[in-house]
file data_37.tsv (TSV, C-alpha atoms)
chain	number	residue	atom	x	y	z
A	1	MET	CA	0.00	0.00	0.00
A	2	ARG	CA	1.15	3.54	-0.78
A	3	VAL	CA	0.39	6.38	1.61
A	4	LEU	CA	0.88	10.16	1.42
A	5	MET	CA	1.08	12.35	4.53
A	6	ILE	CA	0.80	16.14	4.21
A	7	CYS	CA	1.92	18.37	7.11
A	8	ASN	CA	1.79	22.11	7.74
A	9	THR	CA	2.91	22.21	11.38
A	10	TYR	CA	5.50	20.48	13.53
A	11	MET	CA	2.85	18.80	15.68
A	12	GLN	CA	1.48	17.27	12.48
A	13	VAL	CA	4.99	15.99	11.71
A	14	ILE	CA	5.30	14.38	15.16
A	15	ILE	CA	1.93	12.68	14.76
A	16	SER	CA	2.86	11.57	11.23
A	17	LEU	CA	5.94	9.84	12.66
A	18	GLN	CA	3.72	7.93	15.08
A	19	MET	CA	1.31	7.02	12.27
A	20	LYS	CA	4.13	5.72	10.10
A	21	LEU	CA	5.61	3.66	12.91
A	22	LYS	CA	2.35	2.25	14.29
A	23	LEU	CA	-0.27	2.30	11.54
A	24	TYR	CA	1.84	1.96	8.37
A	25	PRO	CA	5.06	0.22	9.47
A	26	ASP	CA	5.35	-1.96	6.37
A	27	ASP	CA	3.78	0.41	3.83
A	28	GLU	CA	5.47	2.72	1.37
A	29	ALA	CA	4.89	6.28	2.55
A	30	ASP	CA	5.71	9.74	1.19
A	31	ILE	CA	5.56	12.91	3.27
A	32	ILE	CA	5.25	16.58	2.34
A	33	ILE	CA	5.92	19.47	4.74
A	34	SER	CA	5.08	23.06	3.86
A	35	ASP	CA	6.58	26.42	4.72
A	36	HIS	CA	3.67	27.17	7.06
A	37	SER	CA	6.24	26.44	9.79
A	38	ILE	CA	9.49	28.42	9.95
A	39	GLY	CA	12.50	26.21	9.26
A	40	ALA	CA	10.41	23.48	7.64
A	41	ASP	CA	13.05	23.02	4.94
A	42	LYS	CA	15.50	21.81	7.60
A	43	VAL	CA	12.87	19.51	9.08
A	44	ALA	CA	12.34	18.03	5.61
A	45	GLU	CA	16.07	17.26	5.51
A	46	GLY	CA	15.78	15.56	8.90
A	47	LEU	CA	12.80	13.51	7.74
A	48	GLY	CA	14.86	12.31	4.80
A	49	LYS	CA	17.68	11.22	7.10
A	50	THR	CA	15.42	8.92	9.12
A	51	GLY	CA	14.83	6.55	6.19
A	52	LEU	CA	11.21	6.10	7.29
A	53	PHE	CA	9.73	7.64	4.16
A	54	SER	CA	10.19	6.72	0.53
A	55	ARG	CA	10.11	10.37	-0.51
A	56	VAL	CA	10.18	13.66	1.39
A	57	LYS	CA	9.29	17.00	-0.11
A	58	TYR	CA	9.39	20.58	1.18
A	59	VAL	CA	6.99	22.97	-0.54
A	60	GLU	CA	6.42	26.72	-0.36
A	61	ASN	CA	2.69	27.31	-0.41
A	62	TYR	CA	2.01	29.54	2.60
A	63	ARG	CA	1.77	32.79	0.65
A	64	ALA	CA	-0.52	31.26	-1.97
A	65	ASP	CA	-2.76	29.62	0.64
A	66	TYR	CA	-3.33	32.89	2.47
A	67	ASN	CA	-3.71	35.10	-0.57
A	68	THR	CA	-6.80	37.18	0.23
A	69	ASN	CA	-7.57	38.08	-3.39
A	70	ARG	CA	-10.96	36.49	-3.99
A	71	THR	CA	-10.70	36.68	-7.76
A	72	GLU	CA	-7.40	34.81	-7.66
A	73	LYS	CA	-8.88	32.19	-5.33
A	74	LEU	CA	-11.74	31.58	-7.76
A	75	ARG	CA	-9.29	31.26	-10.63
A	76	GLU	CA	-7.28	28.73	-8.65
A	77	ILE	CA	-10.39	26.58	-8.21
A	78	PHE	CA	-10.80	26.36	-11.96
A	79	ARG	CA	-7.08	25.71	-12.41
A	80	LEU	CA	-7.33	22.81	-9.97
A	81	PHE	CA	-10.21	21.38	-11.96
A	82	GLY	CA	-8.34	21.95	-15.20
A	83	GLY	CA	-5.20	20.20	-13.98
A	84	ASP	CA	-2.80	23.13	-14.46
A	85	SER	CA	-2.77	24.58	-10.95
A	86	LYS	CA	0.51	25.69	-9.39
A	87	TYR	CA	-0.24	23.15	-6.63
A	88	TYR	CA	0.15	20.23	-9.02
A	89	GLY	CA	3.68	21.46	-9.63
A	90	MET	CA	4.42	21.12	-5.91
A	91	LEU	CA	3.89	17.35	-6.13
A	92	TRP	CA	6.10	14.69	-7.65
A	93	ASP	CA	5.82	14.13	-11.39
A	94	GLU	CA	5.74	10.34	-11.13
A	95	ASN	CA	4.40	7.67	-8.76
A	96	THR	CA	1.67	9.85	-7.30
A	97	ILE	CA	-1.03	7.17	-7.16
A	98	TYR	CA	-1.95	6.59	-3.52
A	99	ASP	CA	-4.13	4.16	-1.65
A	100	GLU	CA	-4.49	6.56	1.28
A	101	ILE	CA	-3.87	10.27	1.85
A	102	CYS	CA	-3.51	11.60	5.43
A	103	TYR	CA	-3.88	15.29	6.22
A	104	TYR	CA	-5.09	17.81	8.81
A	105	ASN	CA	-5.76	21.05	6.92
A	106	THR	CA	-8.05	20.85	3.90
A	107	LEU	CA	-5.89	23.17	1.78
A	108	ARG	CA	-5.46	23.30	-1.97
A	109	LEU	CA	-2.27	21.22	-1.92
A	110	VAL	CA	-4.22	18.35	-0.34
A	111	TRP	CA	-6.93	18.74	-2.96
A	112	ALA	CA	-4.32	18.70	-5.73
A	113	ALA	CA	-2.68	15.55	-4.32
A	114	PHE	CA	-6.03	13.77	-4.27
A	115	SER	CA	-6.97	14.91	-7.78
A	116	LYS	CA	-3.57	14.03	-9.24
A	117	SER	CA	-3.67	10.56	-7.70
A	118	VAL	CA	-7.09	9.91	-9.26
A	119	ARG	CA	-6.06	11.39	-12.61
A	120	ASP	CA	-2.80	9.43	-12.82
A	121	SER	CA	-4.57	6.19	-11.95
A	122	LYS	CA	-7.04	6.79	-14.80
A	123	ARG	CA	-4.14	7.26	-17.19
A	124	GLU	CA	-2.93	3.81	-16.19
A	125	GLY	CA	-6.36	2.43	-17.04
A	126	ARG	CA	-7.53	1.73	-13.50
A	127	GLU	CA	-9.28	4.47	-11.58
A	128	LYS	CA	-8.25	4.32	-7.93
A	129	ILE	CA	-9.89	6.66	-5.43
A	130	PRO	CA	-7.67	7.19	-2.36
A	131	VAL	CA	-9.07	6.74	1.11
A	132	CYS	CA	-8.70	10.09	2.88
A	133	ASN	CA	-7.80	10.19	6.56
A	134	VAL	CA	-7.93	13.32	8.68
A	135	PHE	CA	-5.51	13.16	11.61
A	136	GLU	CA	-5.41	15.13	14.83
A	137	GLU	CA	-3.13	18.06	15.57
A	138	GLY	CA	-3.68	18.16	19.30
A	139	ILE	CA	-6.16	17.11	21.91
A	140	PHE	CA	-8.41	20.17	21.58
A	141	CYS	CA	-8.90	20.00	17.80
A	142	TYR	CA	-11.19	16.98	17.62
A	143	ASP	CA	-14.65	18.51	17.42
A	144	MET	CA	-13.41	21.52	15.48
A	145	VAL	CA	-11.92	19.56	12.57
A	146	LEU	CA	-14.79	17.07	12.34
A	147	SER	CA	-17.54	19.68	12.48
A	148	GLN	CA	-15.69	21.81	9.93
A	149	ILE	CA	-15.54	18.99	7.38
A	150	LEU	CA	-19.27	18.35	7.74
A	151	SER	CA	-19.95	22.07	7.42
A	152	MET	CA	-17.75	22.41	4.33
A	153	ARG	CA	-19.68	19.62	2.63
A	154	LYS	CA	-22.99	21.40	3.15
A	155	GLN	CA	-22.40	25.16	3.44
A	156	PHE	CA	-20.05	26.36	0.70
A	157	TRP	CA	-20.93	30.02	1.35
A	158	LYS	CA	-19.21	29.77	4.73
A	159	HIS	CA	-15.97	28.18	3.55
A	160	ARG	CA	-15.70	29.48	-0.02
A	161	THR	CA	-12.66	27.94	-1.72
A	162	VAL	CA	-12.72	24.39	-0.33
A	163	SER	CA	-16.50	24.06	-0.30
A	164	LEU	CA	-16.80	25.51	-3.81
A	165	MET	CA	-14.43	22.81	-5.02
A	166	HIS	CA	-16.60	20.25	-3.24
A	167	LEU	CA	-19.75	21.72	-4.79
A	168	PHE	CA	-18.24	21.73	-8.29
A	169	SER	CA	-17.09	18.14	-7.79
A	170	VAL	CA	-20.58	17.01	-6.81
A	171	LEU	CA	-22.20	18.88	-9.73
A	172	SER	CA	-19.69	17.48	-12.23
A	173	GLY	CA	-19.84	13.94	-10.85
A	174	ARG	CA	-16.15	13.94	-9.84
A	175	LYS	CA	-14.76	12.36	-6.72
A	176	ASP	CA	-13.41	14.87	-4.21
A	177	ILE	CA	-11.47	14.81	-0.99
A	178	LEU	CA	-14.25	16.07	1.28
A	179	GLY	CA	-16.57	13.33	0.08
A	180	ARG	CA	-13.85	10.73	0.73
A	181	SER	CA	-12.72	12.08	4.12
A	182	SER	CA	-14.57	9.79	6.48
A	183	ASN	CA	-11.92	8.49	8.89
A	184	PHE	CA	-10.38	10.43	11.78
A	185	ILE	CA	-7.05	9.24	13.22
A	186	CYS	CA	-6.50	10.33	16.81
A	187	PHE	CA	-5.12	9.20	20.15
A	188	HIS	CA	-8.41	9.38	22.07
A	189	PRO	CA	-11.57	8.83	20.01
A	190	GLU	CA	-13.36	8.13	23.29
A	191	ILE	CA	-13.39	11.86	24.16
A	192	ILE	CA	-14.96	13.06	20.89
A	193	ASP	CA	-18.08	15.13	21.46
A	194	HIS	CA	-21.08	14.23	19.29
A	195	ALA	CA	-19.37	10.99	18.20
A	196	GLU	CA	-22.68	9.33	17.31
A	197	GLU	CA	-23.63	12.27	15.12
A	198	TYR	CA	-20.35	11.97	13.22
A	199	LYS	CA	-20.81	8.22	12.86
A	200	ARG	CA	-24.28	8.79	11.38
A	201	ALA	CA	-22.63	11.14	8.89
A	202	GLY	CA	-20.32	8.31	7.84
A	203	PHE	CA	-17.23	8.96	9.97
A	204	SER	CA	-15.16	6.21	11.54
A	205	PHE	CA	-12.35	6.61	14.07
A	206	THR	CA	-8.89	5.04	14.16
A	207	LYS	CA	-7.14	5.04	17.52
A	208	LEU	CA	-3.42	5.81	17.56
A	209	PRO	CA	-1.43	3.81	20.13
A	210	PRO	CA	0.06	5.89	22.98
A	211	LEU	CA	3.24	7.67	22.01
A	212	LYS	CA	6.20	6.02	23.77
A	213	PRO	CA	9.36	8.17	23.85
A	214	ASP	CA	11.67	5.17	23.85
A	215	GLU	CA	15.21	5.21	22.51
A	216	ASN	CA	14.16	4.46	18.92
A	217	PHE	CA	11.43	7.08	18.78
A	218	LEU	CA	13.64	9.76	20.34
A	219	ARG	CA	16.45	8.96	17.91
A	220	ILE	CA	14.05	9.46	15.00
A	221	LEU	CA	12.44	12.57	16.53
A	222	ASN	CA	15.76	14.26	17.29
A	223	THR	CA	17.06	13.47	13.81
A	224	VAL	CA	14.00	15.13	12.28
A	225	PHE	CA	14.31	18.29	14.38
A	226	SER	CA	18.13	18.36	14.67
A	227	TYR	CA	17.80	18.41	18.45
A	228	ASP	CA	20.57	17.45	20.87
A	229	PRO	CA	19.10	17.17	24.39
A	230	SER	CA	22.46	16.75	26.12
A	231	GLY	CA	23.30	19.72	28.28
A	232	VAL	CA	19.84	21.30	28.00
A	233	LYS	CA	18.59	22.31	31.45
A	234	PHE	CA	15.36	23.77	32.83
A	235	PRO	CA	16.30	25.08	36.29
A	236	GLN	CA	13.01	26.91	36.86
A	237	LYS	CA	10.32	24.86	38.59
A	238	TYR	CA	7.42	26.65	36.89
A	239	ILE	CA	7.01	26.87	33.12
A	240	TYR	CA	4.32	29.23	31.85
A	241	PHE	CA	2.87	28.69	28.35
A	242	ALA	CA	1.69	32.06	27.12
A	243	THR	CA	-1.25	32.39	24.73
A	244	SER	CA	-1.88	35.03	22.06
A	245	THR	CA	-4.85	36.60	23.85
A	246	ASP	CA	-3.06	39.85	24.68
A	247	ILE	CA	-2.00	40.44	21.07
A	248	ASP	CA	-4.88	39.13	18.97
A	249	GLY	CA	-7.86	41.11	20.24
A	250	ASN	CA	-9.00	38.69	22.95
A	251	SER	CA	-7.21	40.27	25.90
A	252	VAL	CA	-8.27	39.15	29.36
A	253	GLY	CA	-5.24	40.44	31.26
A	254	GLU	CA	-2.94	37.44	30.82
A	255	THR	CA	0.24	39.50	31.09
A	256	GLU	CA	-0.79	40.82	34.49
A	257	LEU	CA	-1.61	37.29	35.66
A	258	VAL	CA	1.86	36.07	34.68
A	259	LEU	CA	3.58	38.93	36.49
A	260	ARG	CA	1.48	38.31	39.60
A	261	LEU	CA	2.34	34.60	39.44
A	262	ALA	CA	6.03	35.53	39.21
A	263	ASP	CA	5.68	37.58	42.39
A	264	ILE	CA	4.25	34.54	44.18
A	265	VAL	CA	6.70	31.85	42.99
A	266	GLY	CA	9.73	34.12	42.54
A	267	ARG	CA	10.94	35.53	39.25
A	268	GLU	CA	13.95	33.20	39.27
A	269	ASN	CA	11.60	30.20	39.47
A	270	LEU	CA	9.43	30.99	36.41
A	271	LEU	CA	10.26	30.33	32.75
A	272	VAL	CA	7.94	31.85	30.15
A	273	LYS	CA	7.35	30.07	26.85
A	274	MET	CA	6.16	32.86	24.58
A	275	HIS	CA	3.50	32.39	21.94
A	276	PRO	CA	5.24	32.31	18.52
A	277	ARG	CA	3.41	35.43	17.31
A	278	ASP	CA	4.15	37.46	20.43
A	279	ARG	CA	7.21	39.66	19.90
A	280	ARG	CA	6.79	41.75	23.05
A	281	THR	CA	9.56	42.04	25.64
A	282	VAL	CA	7.28	42.73	28.60
A	283	TYR	CA	8.25	39.61	30.55
A	284	ARG	CA	11.97	40.03	30.00
A	285	ASP	CA	11.63	43.72	30.90
A	286	ASN	CA	10.16	42.63	34.24
A	287	GLY	CA	13.04	40.32	35.07
A	288	LEU	CA	11.57	36.99	33.94
A	289	THR	CA	13.44	34.37	31.95
A	290	VAL	CA	11.92	33.88	28.51
A	291	MET	CA	12.49	30.73	26.49
A	292	GLU	CA	14.07	31.85	23.25
A	293	ASN	CA	12.10	31.13	20.11
A	294	SER	CA	13.52	28.05	18.46
A	295	SER	CA	12.88	25.89	15.45
A	296	VAL	CA	12.61	23.01	17.93
A	297	PRO	CA	8.98	22.75	19.10
A	298	TRP	CA	8.19	22.47	22.77
A	299	GLU	CA	6.70	19.00	22.29
A	300	VAL	CA	10.11	17.70	21.18
A	301	MET	CA	11.70	19.10	24.33
A	302	GLN	CA	9.02	17.63	26.56
A	303	LEU	CA	9.44	14.19	25.03
A	304	ASN	CA	13.21	14.35	25.61
A	305	HIS	CA	13.29	15.57	29.21
A	306	ASP	CA	11.84	14.65	32.60
A	307	PHE	CA	9.53	17.41	33.84
A	308	SER	CA	7.96	15.42	36.69
A	309	SER	CA	9.45	17.81	39.27
A	310	HIS	CA	8.20	20.89	37.40
A	311	ALA	CA	4.78	22.54	37.16
A	312	PHE	CA	3.15	23.77	33.96
A	313	VAL	CA	0.88	26.81	34.03
A	314	SER	CA	-1.15	28.47	31.29
A	315	LEU	CA	-4.27	30.46	30.68
A	316	SER	CA	-5.50	28.02	27.99
A	317	SER	CA	-2.60	26.64	25.92
A	318	GLY	CA	-3.06	23.16	24.49
A	319	SER	CA	0.69	22.59	24.85
A	320	VAL	CA	0.06	21.86	28.52
A	321	VAL	CA	-2.07	18.84	27.64
A	322	ASN	CA	-0.96	17.48	24.25
A	323	ILE	CA	2.05	15.33	25.12
A	324	MET	CA	0.59	14.14	28.42
A	325	ALA	CA	-2.53	12.99	26.60
A	326	MET	CA	-0.43	11.20	23.96
A	327	THR	CA	2.00	9.54	26.36
A	328	GLY	CA	0.03	9.16	29.58
A	329	GLU	CA	2.71	10.89	31.66
A	330	SER	CA	1.76	12.98	34.69
A	331	ILE	CA	3.07	16.50	35.32
A	332	PRO	CA	1.40	18.93	37.78
A	333	SER	CA	-0.31	21.49	35.54
A	334	TYR	CA	-2.71	24.37	36.05
A	335	PHE	CA	-5.09	26.26	33.79
A	336	LEU	CA	-5.98	29.82	34.84
A	337	TYR	CA	-9.02	30.36	32.60
A	338	PRO	CA	-11.53	30.17	35.50
A	339	MET	CA	-9.95	33.40	36.76
A	340	THR	CA	-10.90	35.29	33.59
A	341	LYS	CA	-14.40	33.89	33.03
A	342	GLY	CA	-16.81	36.48	31.66
A	343	ARG	CA	-14.14	38.76	30.21
A	344	ASN	CA	-14.15	37.37	26.68
A	345	LYS	CA	-16.86	35.25	25.02
A	346	TRP	CA	-14.44	33.53	22.62
A	347	LEU	CA	-12.12	32.44	25.44
A	348	ASP	CA	-15.07	31.34	27.57
A	349	HIS	CA	-16.31	29.12	24.74
A	350	TYR	CA	-12.82	27.73	24.10
A	351	SER	CA	-12.31	27.10	27.81
A	352	ASP	CA	-15.59	25.19	28.00
A	353	GLY	CA	-14.13	22.87	25.35
A	354	ILE	CA	-10.98	22.41	27.41
A	355	SER	CA	-13.05	21.56	30.49
A	356	SER	CA	-15.10	19.03	28.54
A	357	SER	CA	-12.01	17.35	27.05
A	358	LEU	CA	-10.22	17.25	30.41
A	359	LYS	CA	-13.24	15.70	32.11
A	360	LYS	CA	-13.31	12.90	29.54
A	361	LEU	CA	-9.55	12.37	29.62
A	362	GLN	CA	-9.53	12.18	33.40
A	363	ALA	CA	-12.46	9.76	33.37
A	364	ALA	CA	-10.24	7.56	31.17
A	365	GLY	CA	-7.43	7.79	33.75
A	366	LEU	CA	-5.35	10.40	31.86
A	367	CYS	CA	-4.15	13.92	32.67
A	368	ARG	CA	-5.37	13.72	36.26
A	369	SER	CA	-2.52	16.00	37.35
A	370	ILE	CA	-4.09	18.89	35.38
A	371	LYS	CA	-6.42	21.29	37.17
A	372	ALA	CA	-8.31	24.43	36.29
A	373	VAL	CA	-7.81	26.78	39.26
A	374	ASN	CA	-9.47	29.87	40.65
A	375	THR	CA	-6.41	31.48	42.26
A	376	LEU	CA	-2.74	31.93	41.47
A	377	GLU	CA	-1.92	30.50	44.87
A	378	GLU	CA	-3.43	27.18	43.75
A	379	ALA	CA	-1.21	27.23	40.64
A	380	ALA	CA	1.80	27.87	42.86
A	381	GLY	CA	0.84	24.97	45.12
A	382	ASN	CA	0.35	27.31	48.06
A	383	ASP	CA	-3.38	26.88	48.53

call {"tool": "encode", "arguments": {"input": "data_37.tsv", "output": "structure tokens"}}
result
Amino acid sequence: MRVLMICNTYMQVIISLQMKLKLYPDDEADIIISDHSIGADKVAEGLGKTGLFSRVKYVENYRADYNTNRTEKLREIFRLFGGDSKYYGMLWDENTIYDEICYYNTLRLVWAAFSKSVRDSKREGREKIPVCNVFEEGIFCYDMVLSQILSMRKQFWKHRTVSLMHLFSVLSGRKDILGRSSNFICFHPEIIDHAEEYKRAGFSFTKLPPLKPDENFLRILNTVFSYDPSGVKFPQKYIYFATSTDIDGNSVGETELVLRLADIVGRENLLVKMHPRDRRTVYRDNGLTVMENSSVPWEVMQLNHDFSSHAFVSLSSGSVVNIMAMTGESIPSYFLYPMTKGRNKWLDHYSDGISSSLKKLQAAGLCRSIKAVNTLEEAAGND
């Protein structure tokens, strides 16, 4: 069997490694990583060094994907249908017939890969329609990605480009990726909200085995991300995972919360992991240690090091939960979102989703060291 995996983020790459090792160990697999993540060209080189994949390709499609020109987007739809889209040129020229395609984001490159696989199989005189698998990007994405696919199938006016391609495919009698995306690969299908509704819509769920950071997996992971864990230290007991709320229009006073937490635990005892889009120096200006931005994602660091004697704190970052949910490890962790309830409707809604997911994970015996707290003293372990 031949499989294609398409990744836009580093978390997607990590999950693709687990899929290759556990779901497709004996199958021929190609992988594509895009420039949606800074330094992805180097990660592509690392993927090639592992020998896990038959072919590895780095593509530059970020600018085209987020082009806001509506006329150009409409033109690209017709180019995709006509077979001369720039996205076809991002794929390999030969051997692009796949049995399965795995992806997270329903972007035009994914659509092109599906269409090219079908088209090339027809040229060989045997139409083969790939099975399309959506895979998770983190524990809090489950309902979002599933509901979005159902919505894109039915309400093209809400999703424009992707749903228009789906609509045109249905009207022209062509197979399309949305119609074939009916399997969701994730670590914990048991926590999916509205699971019966998705099943009635034709979805099935494939459970990924827990991620085990053993010697073999870490060797592969560190090769991919060019990470050398030797000599890396985290002397601060508390690690705060900052969100983007104070810079993206959803401010609830997170910066002030972090500074107050630092006063309680001691500035020398708190390390701040900045959100990638946050370029402010406010924490450093107030004497806190800030983890420098790096091409190595936090998840890689967490898998390589023992943080059992640390404490994680965040307003609402999924980074606090992701690896613990995938591995089953236990690290004292605290969410602060109960302290900001009522200040922002978007965050309140998102936090309700976190609470629901945590409740289900903890009922399954996972992430029981994670709490949502009402005071900073609780997060500091002083209450």

call {"tool": "atom_distance", "arguments": {"input": "data_37.tsv", "atom1": "CA of Pro213 (chain A)", "atom2": "CA of Met1 (chain A)"}}
result
26.9 Å

call {"tool": "atom_distance", "arguments": {"input": "data_37.tsv", "atom1": "CA of Asp27 (chain A)", "atom2": "CA of Lys199 (chain A)"}}
result
27.3 Å

call {"tool": "atom_distance", "arguments": {"input": "data_37.tsv", "atom1": "CA of Ile220 (chain A)", "atom2": "CA of Asp41 (chain A)"}}
result
16.9 Å

call {"tool": "closest_residue", "arguments": {"input": "data_37.tsv", "among": "A:Pro209, A:Gly249, A:Gly328, A:Gly266", "to": "Ala380 (chain A)", "atoms": "only C-alpha atoms"}}
result
A:Gly266

call {"tool": "closest_residue", "arguments": {"input": "data_37.tsv", "among": "A:Pro338, A:Asn304, A:Ile139, A:Leu218", "to": "Val321 (chain A)", "atoms": "all atoms listed in the file"}}
result
A:Ile139

call {"tool": "residues_around", "arguments": {"input": "data_37.tsv", "residues": "Asp99 (chain A)", "least_positions_apart": "3", "cutoff": "9 Å", "atoms": "all atoms listed in the file", "output": "PyMOL selection string"}}
result
chain A and resi 1-4+117+128-132

call {"tool": "closest_residue", "arguments": {"input": "data_37.tsv", "among": "A:Asn95, A:Asn69, A:Asn250, A:Ser181", "to": "Trp111 (chain A)", "atoms": "all atoms listed in the file"}}
result
A:Ser181

call {"tool": "residues_around", "arguments": {"input": "data_37.tsv", "residues": "Leu288 (chain A)", "least_positions_apart": "3", "cutoff": "9 Å", "atoms": "only C-alpha atoms", "output": "PyMOL selection string"}}
result
chain A and resi 259+262+267-272+282-285

call {"tool": "write_last_selection", "arguments": {"input": "data_37.tsv", "atoms": "C-alpha atoms", "output": "CSV table (one decimal), in the coordinates of the input"}}
result
chain,number,residue,atom,x,y,z
A,259,LEU,CA,3.6,38.9,36.5
A,262,ALA,CA,6.0,35.5,39.2
A,267,ARG,CA,10.9,35.5,39.2
A,268,GLU,CA,14.0,33.2,39.3
A,269,ASN,CA,11.6,30.2,39.5
A,270,LEU,CA,9.4,31.0,36.4
A,271,LEU,CA,10.3,30.3,32.8
A,272,VAL,CA,7.9,31.8,30.2
A,282,VAL,CA,7.3,42.7,28.6
A,283,TYR,CA,8.2,39.6,30.6
A,284,ARG,CA,12.0,40.0,30.0
A,285,ASP,CA,11.6,43.7,30.9

call {"tool": "closest_residue", "arguments": {"input": "data_37.tsv", "among": "A:Asn286, A:Asp214, A:Ile149, A:Glu190", "to": "Gly202 (chain A)", "atoms": "all atoms listed in the file"}}
result
A:Ile149

call {"tool": "closest_residue", "arguments": {"input": "data_37.tsv", "among": "A:Ser357, A:Ser85, A:Asn105, A:Ser251", "to": "Glu136 (chain A)", "atoms": "only C-alpha atoms"}}
result
A:Asn105
